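A.B. asks: Let me begin by handing over the structure; questions about it come next.
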Amino acid sequence: MRIDAQHSRRSFIRAVSVGTLAVGFDLTSRAWAAQAPQHAGPDFRHAPHLDGRLLVAPADLAPYEDDFGHLVHRTPQAALLPGSVRDIAAMIAFCGPLGIPVAPRGQGHQTFGQAQVEGGLIVDLGPLDTISVDPAAQTATVGAGAVWSAVLTASLAHGLTPPVFTDYIELSVGGTLSAGGVGGASHRHGAQVDNVVELEVVTGTGQVRTCSATRDADLFHAALSGLGQVGVITRAVIRLVAAPTSVRSYSLVYPTVAALTAAQRKAVGDGRFDWLEGTILPAAGGGWMYILEGSAFYDTTPPNDSALIGDLGYVGPPQIQDSAYFDFVDDLAPTVAALKASGEWYDPHPWFNGFLPDAATDTLAEATIAATTPADLGASGLILLYPVPTARFTAPLLSVPKGELAFLFAVLRTAAPDDALPAPELLQANRDLYLSVQAKGGTQYPVGAIPMTPADWRTQYGARWQQFRAAKQCFDPHGILAPGQGIFRRA
C-alpha cells in the first residue's frame with residue numbers, strides 16, 4: 001500500500017502544543033466561562049507608568065477572549081503590550097495586592113482557555129521577541145515572545161539549531177517552555193524544557209529573577225513546565241547543537257497498532273532515527289493507516305535505506321523523501337496556510353494530549369481507535385502515537401508515567417462550527433479517555449482540552465504535588481497567575 005504525499009503525517013497540522021470542573025458539570029464553552037473567577041472590574045487608571053501600552057478598549061481586548069481551541073471565551077479588563085520586562089514586573093506588582101488575575105499569553109495557541117482571564121490582565125509577550133546567538137557557547141538567548149521559527153532562522157545562520165522542535169514552529173518560546181515542548185527529537189533530546197540553560201522570570205510578586213539549575217533552582221524547576229503558575233517567563237537561554245544540512249524521511253505503514261508500536265520500540269531502542277513519531281489516519285477504503293514516521297539527518301551522504309528500515313517489518317513500499325533541514329522542520333507551513341485560507345483553522349479544536357505507560361499503550365490506543373470514526377476526528381483531524389524514553393524528561397513538572405518508556409498519544413479533533421460535532425460531547429469524550437489513561441497510570445500532556453478536577457491535578461503531579469503547591473505559595477502568594485489553567489483554586 002502506498003501513502004499519497006497529501007495523506008502523510010508531515011502534511012497535517014500537529015499538536016504543540018484549564019478551567020476547574022466539578023464532575024458532571026455542563027461542558028459548554030459558556031459554562032466553562034461562567035466557572036472563571038468573577039471579580040469587580042479593577043481600576044487600571046491607577047496603574048504604574050509603563051514603557052509600553054495598556055489596552056482597555058473592548059475592540060482591543062477582543063482578540064484576547066479567544067484562542068486556537070475556540071472553546072472557551074473570557075473577557076479581560078486590560079491587556080499589556082510591554083515595552084520592557086520592567087512593565088511586566090510593575091503590572092504584576094500592581095495586580096497582586098489587589099487580587100487581579102494575570103495571564104501571560106504568547107501566540108494564543110492554547111485549546112482550552114489556559115491563557116485567558118476573566119476581568120483581569122493579559123500580558124501579551126509578543127513584543128519580547130529578541131534573539132541573540134552565541135556560537136562559542138552554543139546557546140541562544142531568546143525573548144519569551146519570539147517564535148521558534150525565528151529562533152531556527154537565527155541559529156542556522158551559525159550552523160546551529162535547537163535540538164527539539166514541536167511540529168508547529170510558529171509557537172512562542174515562553175509558551176512551549178511553560179508547557180514542555182515535545183516533538184519528534186524528544187526520544188533523543190527530551191523536551192524543549194530539558195534544553196534550557198537559564199531563565200528570566202517575573203514572579204507573582206513582581207520580582208525579576210534570573211534562575212538556572214544551580215541558581216534559584218526552586219524557581220527554575222517550577223517555571224519549566226509550570227504552566228505559568230509561579231511566574232512569567234520573559235527570557236530563556238537555550239542550548240543549541242550542530243545543525244544538519246539535509247533530512248531523509250521515511251513513512252512506513254503497519255496493519256495494526258501493535259505492529260506500529262513494536263517497530264517504534266525497536267527504532268527508539270537502538271536510536272537509528274534522529275526524529276521519530278507515528279500517525280494514525282483514516283484509510284481511503286475504510287479502516288485506518290498506522291504510520292511510522294522516522295527521519296535521519298545528514299550533510300552530504302544520504303543514509304543507507306536498507307540499514308535504517310530493512311528490519312522494521314512494514315507492509316507495502318516505503319515512502320522516502322529528502323529535504324533541506326529548515327524545510328523539514330517547517331514543513332507544516334503550507335498546510336497551515338491552506339487551513340487558514342479555507343477557514344478550518346478557525347474551527348473548534350477539542351484536542352486530547354496524553355502520555356500512556358508502555359504496558360497499556362496498545363490496549364488504550366486500540367480501544368480509542370475502535371470507538372472513533374473519521375467523522376469524529378473532523379476534516380483535518382488525526383491521531384499521534386510515538387514513544388519517548390522517560391529518562392529523557394528531566395524537568396520535574398513535566399509529568400510522565402512510570403517506567404522506561406511512555407507513548408505520546410494525541411487525538412487531534414477539529415469540530416464543526418455548526419455543531420455537527422458538538423464540542424461539549426467531544427470534551428466529555430476527552431475526559432472519559434483521560435480517566436481511562438489515568439487509571440492505567442498515564443498522565444495528560446497539558447496543552448489540550450481535558451476537563452480536570454482538583455483531584456485530577458493532584459494525581460497528575462503525584463509526589464511532586466506538595467512541592468509544586470509550595471512553589472506556588474512562595475512565588476505567587478496572591479494566587480493571581482494563570483488562573484485559566486485551573487490548577488490552584490482561589491478561595
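Residue numbering restarts at 1 in every chain; chains get A, B, ... in the order shown in the C-alpha cells, and ligands count up from 1 in that same order.
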Would you give me, as a list in words, the residues in stretch 212-261 of chain A that DSSP reads as strand (DSSP E)?
C.D. replies: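 Secondary structure check on stretch 212-261 of chain A, strand (DSSP E): Ser212, Gly231, Val232, Ile233, Thr234, Arg235, Ala236, Val237, Ile238, Arg239, Val241, Ala242, Ser246, Val247, Arg248, Ser249, Tyr250, Ser251, Leu252, Val253 and Tyr254 of chain A.
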A.B. asks: Write a file of the just-selected residues containing C-alpha atoms, as an mmCIF file, in the first residue's frame.
C.D. replies:
```
data_model
loop_
_atom_site.group_PDB
_atom_site.id
_atom_site.type_symbol
_atom_site.label_atom_id
_atom_site.label_comp_id
_atom_site.auth_asym_id
_atom_site.auth_seq_id
_atom_site.Cartn_x
_atom_site.Cartn_y
_atom_site.Cartn_z
ATOM 1 C CA SER A 212 19.033 28.095 36.497
ATOM 2 C CA GLY A 231 5.935 33.398 37.256
ATOM 3 C CA VAL A 232 6.009 34.790 33.758
ATOM 4 C CA ILE A 233 8.952 33.532 31.720
ATOM 5 C CA THR A 234 10.375 36.584 29.940
ATOM 6 C CA ARG A 235 13.709 35.281 28.626
ATOM 7 C CA ALA A 236 15.383 31.913 28.131
ATOM 8 C CA VAL A 237 18.896 30.763 27.327
ATOM 9 C CA ILE A 238 18.509 27.682 25.128
ATOM 10 C CA ARG A 239 21.081 25.017 24.337
ATOM 11 C CA VAL A 241 23.515 21.745 18.704
ATOM 12 C CA ALA A 242 25.154 21.432 15.301
ATOM 13 C CA SER A 246 19.589 17.603 4.952
ATOM 14 C CA VAL A 247 16.996 15.112 6.177
ATOM 15 C CA ARG A 248 15.813 11.812 4.735
ATOM 16 C CA SER A 249 12.304 10.912 5.926
ATOM 17 C CA TYR A 250 10.582 7.537 5.839
ATOM 18 C CA SER A 251 6.856 6.792 6.077
ATOM 19 C CA LEU A 252 6.205 3.120 6.825
ATOM 20 C CA VAL A 253 2.747 1.554 7.020
ATOM 21 C CA TYR A 254 1.654 -1.124 9.515
#
```
A.B. asks: Can you list, as an MDAnalysis selection string, every protein, DNA or RNA residue that comes within 10 Å of A:Phe468 when you count only C-alpha atoms, leaving out same-chain residues fewer than 2 positions away?
C.D. replies: chainID A and resid 218 221:223 226 229:230 396:397 458 461 463:466 470:474
A.B. asks: Interatomic distance between atom CA of A:Gly448 and atom CA of A:Phe352?
C.D. replies: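 Atom-to-atom, atom CA of A:Gly448 to atom CA of A:Phe352, that is 5.2 Å.
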A.B. asks: Any idea what's packed within 8 Å of A:Leu308, counting only C-alpha atoms, ignoring anything in its chain fewer than 4 positions away? Could you give it as a list in words?
C.D. replies: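 Once the nearby chain positions are removed, what remains is Arg272, Phe273, Pro303 and Asn304 of chain A.
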A.B. asks: For A:Gly378, work out the shell of residues within 9 Å, counting only C-alpha atoms and skipping chain neighbours fewer than 3 positions away, then give it as JSON, numbers by chain.
C.D. replies: {"A": [374, 375, 381, 382, 412, 413, 414, 415, 416, 421]}
A.B. asks: Quick one: pick out all alpha helix (DSSP H) residues within stretch 177-271 of chain A from a backbone DSSP run and write them as number ranges by chain.
C.D. replies: A: 177-179, 186-189, 217-223, 257-270
A.B. asks: Store the residues picked out above in a file with C-alpha atoms, as a PDB file, in the first residue's frame.
C.D. replies:
```pdb
ATOM      1  CA  LEU A 177       8.609  26.204  27.859  1.00  0.00           C
ATOM      2  CA  SER A 178       5.670  26.750  30.193  1.00  0.00           C
ATOM      3  CA  ALA A 179       4.110  23.506  28.964  1.00  0.00           C
ATOM      4  CA  SER A 186      12.348  14.104  22.144  1.00  0.00           C
ATOM      5  CA  HIS A 187      13.392  10.436  22.112  1.00  0.00           C
ATOM      6  CA  ARG A 188      16.978  11.727  21.854  1.00  0.00           C
ATOM      7  CA  HIS A 189      16.976  15.140  23.498  1.00  0.00           C
ATOM      8  CA  ALA A 217      16.814  26.263  41.311  1.00  0.00           C
ATOM      9  CA  ASP A 218      13.417  26.053  43.020  1.00  0.00           C
ATOM     10  CA  LEU A 219      12.069  28.795  40.771  1.00  0.00           C
ATOM     11  CA  PHE A 220      13.785  27.377  37.676  1.00  0.00           C
ATOM     12  CA  HIS A 221      12.243  23.935  38.101  1.00  0.00           C
ATOM     13  CA  ALA A 222       8.825  25.339  38.978  1.00  0.00           C
ATOM     14  CA  ALA A 223       8.760  27.640  35.951  1.00  0.00           C
ATOM     15  CA  VAL A 257      -1.453  -0.533  16.457  1.00  0.00           C
ATOM     16  CA  ALA A 258       0.600  -3.387  17.925  1.00  0.00           C
ATOM     17  CA  ALA A 259       2.674  -3.726  14.760  1.00  0.00           C
ATOM     18  CA  LEU A 260       3.328   0.009  14.690  1.00  0.00           C
ATOM     19  CA  THR A 261       4.382   0.265  18.328  1.00  0.00           C
ATOM     20  CA  ALA A 262       6.577  -2.828  18.045  1.00  0.00           C
ATOM     21  CA  ALA A 263       8.505  -1.172  15.220  1.00  0.00           C
ATOM     22  CA  GLN A 264       8.678   2.100  17.137  1.00  0.00           C
ATOM     23  CA  ARG A 265      10.051   0.360  20.233  1.00  0.00           C
ATOM     24  CA  LYS A 266      12.729  -1.275  18.118  1.00  0.00           C
ATOM     25  CA  ALA A 267      13.675   2.023  16.464  1.00  0.00           C
ATOM     26  CA  VAL A 268      13.765   4.028  19.670  1.00  0.00           C
ATOM     27  CA  GLY A 269      15.703   1.274  21.396  1.00  0.00           C
ATOM     28  CA  ASP A 270      18.674   1.430  19.026  1.00  0.00           C
TER      29      ASP A 270
END
```
A.B. asks: From the options A:Pro163, A:Gly108, A:Pro48, A:Gly206, which residue's atoms come nearest to A:Ile88, counting only C-alpha atoms?
C.D. replies: A:Gly206
A.B. asks: Work out how far atom CA of A:Val72 is from atom CA of A:Val102, in Å to one decimal.
C.D. replies: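 Answer for the atom CA of A:Val102 to atom CA of A:Val72 separation: 16.8 Å.
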A.B. asks: Write out as a PDB file with C-alpha atoms, in the first residue's frame which residues come within 12 Å of A:Ala367 when counting only C-alpha atoms, dropping same-chain ones fewer than 6 positions away.
C.D. replies:
```
ATOM      1  CA  VAL A 257      -1.453  -0.533  16.457  1.00  0.00           C
ATOM      2  CA  ALA A 360      -1.005  -0.095  28.461  1.00  0.00           C
ATOM      3  CA  THR A 361      -0.345   1.701  25.182  1.00  0.00           C
ATOM      4  CA  LEU A 433     -10.427   8.999  27.768  1.00  0.00           C
ATOM      5  CA  SER A 436      -9.053   5.629  31.335  1.00  0.00           C
ATOM      6  CA  VAL A 437      -5.482   6.819  30.838  1.00  0.00           C
TER       7      VAL A 437
END
```
A.B. asks: May I have the residues within 7 Å of A:Tyr445 as a ChimeraX atom specification, using only C-alpha atoms and disregarding those fewer than 3 positions away in the same chain?
C.D. replies: /A:353-355
A.B. asks: Got a sec: who's within 10 Å of A:His158, counting only C-alpha atoms, leaving out chain neighbours fewer than 5 positions off, as number ranges by chain?
C.D. replies: A: 133-136, 138, 153, 242-243
A.B. asks: Grab the atom CA of A:Thr443 to atom CA of A:Ala379 distance for me, in Å with one decimal place.
C.D. replies: 27.2 Å
A.B. asks: From the set A:Ala449, A:Ala423, A:Leu356, A:Val147, which residue has the shortest atom-to-atom contact distance to A:Asp129, counting only C-alpha atoms?
C.D. replies: A:Val147
A.B. asks: Taking only C-alpha atoms into account, which of A:Gln438, A:Ala185, A:Asp358, A:Thr210 comes nearest A:Val197?
C.D. replies: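 Between A:Gln438, A:Ala185, A:Asp358, A:Thr210, the residue approaching A:Val197 most closely is A:Thr210.
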